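*Asks:* My structure is in start_18.json, and what it holds is JSON, C-alpha atoms and all ligand atoms:
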```json
[["chain", "number", "residue", "atom", "x", "y", "z"],
["A", 20, "MET", "CA", 3.32, 12.28, -14.76],
["A", 21, "THR", "CA", 6.18, 12.37, -12.31],
["A", 22, "TYR", "CA", 7.23, 9.46, -10.16],
["A", 23, "ARG", "CA", 8.50, 9.80, -6.68],
["A", 24, "THR", "CA", 11.16, 7.45, -5.47],
["A", 25, "ASN", "CA", 12.32, 6.83, -1.94],
["A", 26, "ILE", "CA", 15.69, 5.66, -3.20],
["A", 27, "GLU", "CA", 18.31, 8.13, -2.03],
["A", 28, "LYS", "CA", 21.39, 6.54, -3.50],
["A", 29, "CYS", "CA", 22.52, 3.80, -5.80],
["A", 30, "PRO", "CA", 22.44, 0.42, -4.00],
["A", 31, "LYS", "CA", 25.40, -0.76, -6.07],
["A", 32, "CYS", "CA", 27.94, 2.03, -5.87],
["A", 33, "GLY", "CA", 26.49, 4.56, -3.40],
["A", 34, "GLU", "CA", 26.23, 7.44, -5.89],
["A", 35, "ARG", "CA", 23.63, 9.96, -4.70],
["A", 36, "GLU", "CA", 22.85, 11.62, -8.01],
["A", 37, "LEU", "CA", 20.20, 9.63, -9.79],
["A", 38, "GLY", "CA", 18.75, 10.45, -13.18],
["A", 39, "ARG", "CA", 15.57, 9.60, -15.04],
["A", 40, "GLY", "CA", 15.40, 8.10, -18.48],
["A", 41, "LYS", "CA", 12.68, 6.66, -20.65],
["A", 42, "GLN", "CA", 12.47, 4.01, -23.31],
["A", 43, "ASN", "CA", 10.03, 4.30, -26.16],
["A", 44, "GLY", "CA", 9.78, 3.23, -29.77],
["A", 45, "TYR", "CA", 10.68, -0.44, -30.05],
["A", 46, "ALA", "CA", 11.46, -0.71, -26.36],
["A", 47, "VAL", "CA", 7.93, -0.25, -25.09],
["A", 48, "MET", "CA", 6.59, -2.77, -22.60],
["A", 49, "LEU", "CA", 3.73, -4.72, -24.16],
["A", 50, "PRO", "CA", 0.95, -6.45, -22.25],
["A", 51, "ILE", "CA", 0.98, -10.22, -22.72],
["A", 52, "ASN", "CA", -2.13, -11.63, -24.44],
["A", 53, "LYS", "CA", -3.18, -8.23, -25.77],
["A", 54, "ALA", "CA", -1.88, -8.38, -29.30],
["A", 55, "MET", "CA", -3.65, -5.23, -30.44],
["A", 56, "SER", "CA", -2.40, -3.09, -27.61],
["A", 57, "PHE", "CA", 0.15, -0.36, -28.18],
["A", 58, "GLY", "CA", 1.88, -0.93, -24.86],
["A", 59, "SER", "CA", 3.46, 1.66, -22.65],
["A", 60, "GLU", "CA", 6.67, 3.64, -22.47],
["A", 61, "VAL", "CA", 9.06, 2.54, -19.75],
["A", 62, "GLU", "CA", 10.70, 5.05, -17.46],
["A", 63, "HIS", "CA", 13.75, 4.30, -15.36],
["A", 64, "ILE", "CA", 15.54, 5.77, -12.39],
["A", 65, "ILE", "CA", 19.21, 5.40, -13.22],
["A", 66, "CYS", "CA", 22.44, 5.82, -11.29],
["A", 67, "THR", "CA", 24.44, 8.57, -12.98],
["A", 68, "SER", "CA", 27.70, 7.01, -11.89],
["A", 69, "CYS", "CA", 27.60, 3.29, -12.69],
["A", 70, "GLY", "CA", 24.48, 3.13, -14.88],
["A", 71, "TYR", "CA", 22.58, 0.70, -12.70],
["A", 72, "ILE", "CA", 18.80, 0.88, -13.22],
["A", 73, "VAL", "CA", 17.44, 1.42, -9.74],
["A", 74, "GLU", "CA", 13.74, 1.44, -10.54],
["A", 75, "SER", "CA", 11.61, 0.96, -13.62],
["A", 76, "TYR", "CA", 8.04, 2.04, -14.28],
["A", 77, "VAL", "CA", 5.61, 1.72, -17.11],
["A", 78, "LYS", "CA", 3.88, 5.00, -17.87],
["A", 79, "LYS", "CA", 0.44, 3.43, -18.28],
["A", 80, "PRO", "CA", 0.18, 0.61, -15.74],
["A", 81, "GLY", "CA", -3.56, 0.23, -16.32],
["A", 82, "LYS", "CA", -2.80, -1.39, -19.68],
["A", 83, "PHE", "CA", -1.40, -4.40, -17.82],
["A", 84, "LYS", "CA", -4.52, -5.24, -15.86],
["A", 85, "GLY", "CA", -5.85, -8.68, -16.64],
["A", 86, "THR", "CA", -2.60, -10.02, -18.07],
["A", 87, "MET", "CA", -1.95, -12.62, -15.35],
["A", 88, "ASP", "CA", -4.68, -14.96, -16.60],
["B", 101, "ZN", "ZN", 25.66, 3.29, -9.09]]
```
What's the C-alpha cells form of this structure?
Ligand SMILES: [Zn+2]

*Replies:*
Amino acid sequence: MTYRTNIEKCPKCGERELGRGKQNGYAVMLPINKAMSFGSEVEHIICTSCGYIVESYVKKPGKFKGTMD
C-alpha cells in the first residue's frame, strides 16, 4: 500500500526531498482497549534534511475503529 502526500516540502526547513520510513517490531501502534490485538506498523514521511516527521500513518487503520469509547 502506497500513501500519497500533498506535502511538497518540509514545513520546518524547506527541504524538498522527503523520504519514507516505517516502524515495526516494538514500535507498532496498538489500539487502546484491544489487548489481544497485534497492532499496526507505522509509516512516516520524513524530511531527508532535518529529520522532521512530516506525516505519520498506521498501515492498518481499520484496527483502530471503536477505540474512542
Ligand atoms: Zn526539514

*Asks:* Given all atoms listed in the file as the basis, pick out the residue of A:Cys69, A:Ser75, A:Thr86, A:Gly81 nearest to Glu36 in chain A.

*Replies:*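 Nearest candidate to Glu36 in chain A out of A:Cys69, A:Ser75, A:Thr86, A:Gly81: A:Cys69.
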
*Asks:* With distances taken over all atoms listed in the file, which of A:Cys29, A:Leu37, A:Cys66, A:Ile51 is nearest to Gly85 in chain A?

*Replies:*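 For Gly85 in chain A, the nearest of the candidates is A:Ile51.
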
*Asks:* Closest to Pro50 in chain A among A:Asp88, A:Glu34, A:Glu74, A:Glu27, using only C-alpha atoms?

*Replies:*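 Under the stated criterion, the closest residue is A:Asp88.
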
*Asks:* 8 Å from ligand ZN 101 (chain B) is the threshold here; counting all atoms listed in the file, which polymer residues fall inside it? Answer as a tab-separated table (two decimals) with C-alpha atoms, in the frame of the given file.

*Replies:*
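Saved result, out.tsv, follows:
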```tsv
chain	number	residue	atom	x	y	z
A	28	LYS	CA	21.39	6.54	-3.50
A	29	CYS	CA	22.52	3.80	-5.80
A	30	PRO	CA	22.44	0.42	-4.00
A	31	LYS	CA	25.40	-0.76	-6.07
A	32	CYS	CA	27.94	2.03	-5.87
A	33	GLY	CA	26.49	4.56	-3.40
A	34	GLU	CA	26.23	7.44	-5.89
A	65	ILE	CA	19.21	5.40	-13.22
A	66	CYS	CA	22.44	5.82	-11.29
A	67	THR	CA	24.44	8.57	-12.98
A	68	SER	CA	27.70	7.01	-11.89
A	69	CYS	CA	27.60	3.29	-12.69
A	70	GLY	CA	24.48	3.13	-14.88
A	71	TYR	CA	22.58	0.70	-12.70
```

*Asks:* Excluding Arg39 in chain A and residues on its chain fewer than 5 positions from it, collect all residues at most 8 Å away from it, counting only C-alpha atoms, and give them as a PDB file with C-alpha atoms, in the frame of the given file.

*Replies:*
```pdb
ATOM      1  CA  GLU A  62      10.700   5.050 -17.460  1.00  0.00           C
ATOM      2  CA  HIS A  63      13.750   4.300 -15.360  1.00  0.00           C
ATOM      3  CA  ILE A  64      15.540   5.770 -12.390  1.00  0.00           C
ATOM      4  CA  ILE A  65      19.210   5.400 -13.220  1.00  0.00           C
TER       5      ILE A  65
END
```

*Asks:* Could you jot down the CA of Tyr45 in chain A to CA of Met87 in chain A separation for me, Å, one decimal place?

*Replies:*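 So the two atoms, CA of Tyr45 in chain A and CA of Met87 in chain A, lie 22.9 Å apart.
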
*Asks:* Go ahead and fit an axis-aligned box to every listed atom of range 72-82 of chain A plus 4 Å each side, and pass me the centre and edge lengths in Å, one decimal, as JSON.

*Replies:*
```
{"center_x": 7.6, "center_y": 1.8, "center_z": -14.7, "size_x": 30.4, "size_y": 14.4, "size_z": 17.9}
```

*Asks:* At a cut-off of 12 Å from (3.9, 1.0, -25.3) in the coordinates of the file, what residues are picked up using all atoms listed in the file, written as a VMD selection string?

*Replies:* chain A and resid 41 to 51 53 to 62 76 to 83

*Asks:* Only C-alpha atoms, please: the residues just picked out, written as an mmCIF file, in the coordinates of the input.

*Replies:*
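This is the output file selection-v3.cif:
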```cif
data_model
loop_
_atom_site.group_PDB
_atom_site.id
_atom_site.type_symbol
_atom_site.label_atom_id
_atom_site.label_comp_id
_atom_site.auth_asym_id
_atom_site.auth_seq_id
_atom_site.Cartn_x
_atom_site.Cartn_y
_atom_site.Cartn_z
ATOM 1 C CA LYS A 41 12.680 6.660 -20.650
ATOM 2 C CA GLN A 42 12.470 4.010 -23.310
ATOM 3 C CA ASN A 43 10.030 4.300 -26.160
ATOM 4 C CA GLY A 44 9.780 3.230 -29.770
ATOM 5 C CA TYR A 45 10.680 -0.440 -30.050
ATOM 6 C CA ALA A 46 11.460 -0.710 -26.360
ATOM 7 C CA VAL A 47 7.930 -0.250 -25.090
ATOM 8 C CA MET A 48 6.590 -2.770 -22.600
ATOM 9 C CA LEU A 49 3.730 -4.720 -24.160
ATOM 10 C CA PRO A 50 0.950 -6.450 -22.250
ATOM 11 C CA ILE A 51 0.980 -10.220 -22.720
ATOM 12 C CA LYS A 53 -3.180 -8.230 -25.770
ATOM 13 C CA ALA A 54 -1.880 -8.380 -29.300
ATOM 14 C CA MET A 55 -3.650 -5.230 -30.440
ATOM 15 C CA SER A 56 -2.400 -3.090 -27.610
ATOM 16 C CA PHE A 57 0.150 -0.360 -28.180
ATOM 17 C CA GLY A 58 1.880 -0.930 -24.860
ATOM 18 C CA SER A 59 3.460 1.660 -22.650
ATOM 19 C CA GLU A 60 6.670 3.640 -22.470
ATOM 20 C CA VAL A 61 9.060 2.540 -19.750
ATOM 21 C CA GLU A 62 10.700 5.050 -17.460
ATOM 22 C CA TYR A 76 8.040 2.040 -14.280
ATOM 23 C CA VAL A 77 5.610 1.720 -17.110
ATOM 24 C CA LYS A 78 3.880 5.000 -17.870
ATOM 25 C CA LYS A 79 0.440 3.430 -18.280
ATOM 26 C CA PRO A 80 0.180 0.610 -15.740
ATOM 27 C CA GLY A 81 -3.560 0.230 -16.320
ATOM 28 C CA LYS A 82 -2.800 -1.390 -19.680
ATOM 29 C CA PHE A 83 -1.400 -4.400 -17.820
#
```

*Asks:* Can you take the partial range 43-55 of chain A, add N, CA and C atoms, and return it as a PDB file, in the frame of the given file?

*Replies:*
```
ATOM      1  N   ASN A  43      11.253   4.331 -25.346  1.00  0.00           N
ATOM      2  CA  ASN A  43      10.030   4.300 -26.160  1.00  0.00           C
ATOM      3  C   ASN A  43      10.367   3.661 -27.495  1.00  0.00           C
ATOM      4  N   GLY A  44       9.541   3.871 -28.489  1.00  0.00           N
ATOM      5  CA  GLY A  44       9.780   3.230 -29.770  1.00  0.00           C
ATOM      6  C   GLY A  44       9.698   1.726 -29.639  1.00  0.00           C
ATOM      7  N   TYR A  45      10.726   1.011 -30.052  1.00  0.00           N
ATOM      8  CA  TYR A  45      10.680  -0.440 -30.050  1.00  0.00           C
ATOM      9  C   TYR A  45      10.874  -1.027 -28.673  1.00  0.00           C
ATOM     10  N   ALA A  46      11.184  -0.199 -27.704  1.00  0.00           N
ATOM     11  CA  ALA A  46      11.460  -0.710 -26.360  1.00  0.00           C
ATOM     12  C   ALA A  46      10.270  -0.601 -25.428  1.00  0.00           C
ATOM     13  N   VAL A  47       9.082  -0.327 -25.979  1.00  0.00           N
ATOM     14  CA  VAL A  47       7.930  -0.250 -25.090  1.00  0.00           C
ATOM     15  C   VAL A  47       7.635  -1.601 -24.459  1.00  0.00           C
ATOM     16  N   MET A  48       7.056  -1.570 -23.277  1.00  0.00           N
ATOM     17  CA  MET A  48       6.590  -2.770 -22.600  1.00  0.00           C
ATOM     18  C   MET A  48       5.205  -3.096 -23.127  1.00  0.00           C
ATOM     19  N   LEU A  49       5.023  -4.324 -23.594  1.00  0.00           N
ATOM     20  CA  LEU A  49       3.730  -4.720 -24.160  1.00  0.00           C
ATOM     21  C   LEU A  49       3.016  -5.678 -23.221  1.00  0.00           C
ATOM     22  N   PRO A  50       1.718  -5.497 -23.051  1.00  0.00           N
ATOM     23  CA  PRO A  50       0.950  -6.450 -22.250  1.00  0.00           C
ATOM     24  C   PRO A  50       0.892  -7.806 -22.939  1.00  0.00           C
ATOM     25  N   ILE A  51       1.124  -8.867 -22.184  1.00  0.00           N
ATOM     26  CA  ILE A  51       0.980 -10.220 -22.720  1.00  0.00           C
ATOM     27  C   ILE A  51      -0.488 -10.482 -23.013  1.00  0.00           C
ATOM     28  N   ASN A  52      -0.769 -11.224 -24.064  1.00  0.00           N
ATOM     29  CA  ASN A  52      -2.130 -11.630 -24.440  1.00  0.00           C
ATOM     30  C   ASN A  52      -2.994 -10.483 -24.956  1.00  0.00           C
ATOM     31  N   LYS A  53      -2.393  -9.322 -25.201  1.00  0.00           N
ATOM     32  CA  LYS A  53      -3.180  -8.230 -25.770  1.00  0.00           C
ATOM     33  C   LYS A  53      -2.493  -7.766 -27.047  1.00  0.00           C
ATOM     34  N   ALA A  54      -2.653  -8.573 -28.078  1.00  0.00           N
ATOM     35  CA  ALA A  54      -1.880  -8.380 -29.300  1.00  0.00           C
ATOM     36  C   ALA A  54      -2.134  -7.028 -29.951  1.00  0.00           C
ATOM     37  N   MET A  55      -3.321  -6.477 -29.769  1.00  0.00           N
ATOM     38  CA  MET A  55      -3.650  -5.230 -30.440  1.00  0.00           C
ATOM     39  C   MET A  55      -3.310  -4.001 -29.624  1.00  0.00           C
TER      40      MET A  55
END
```
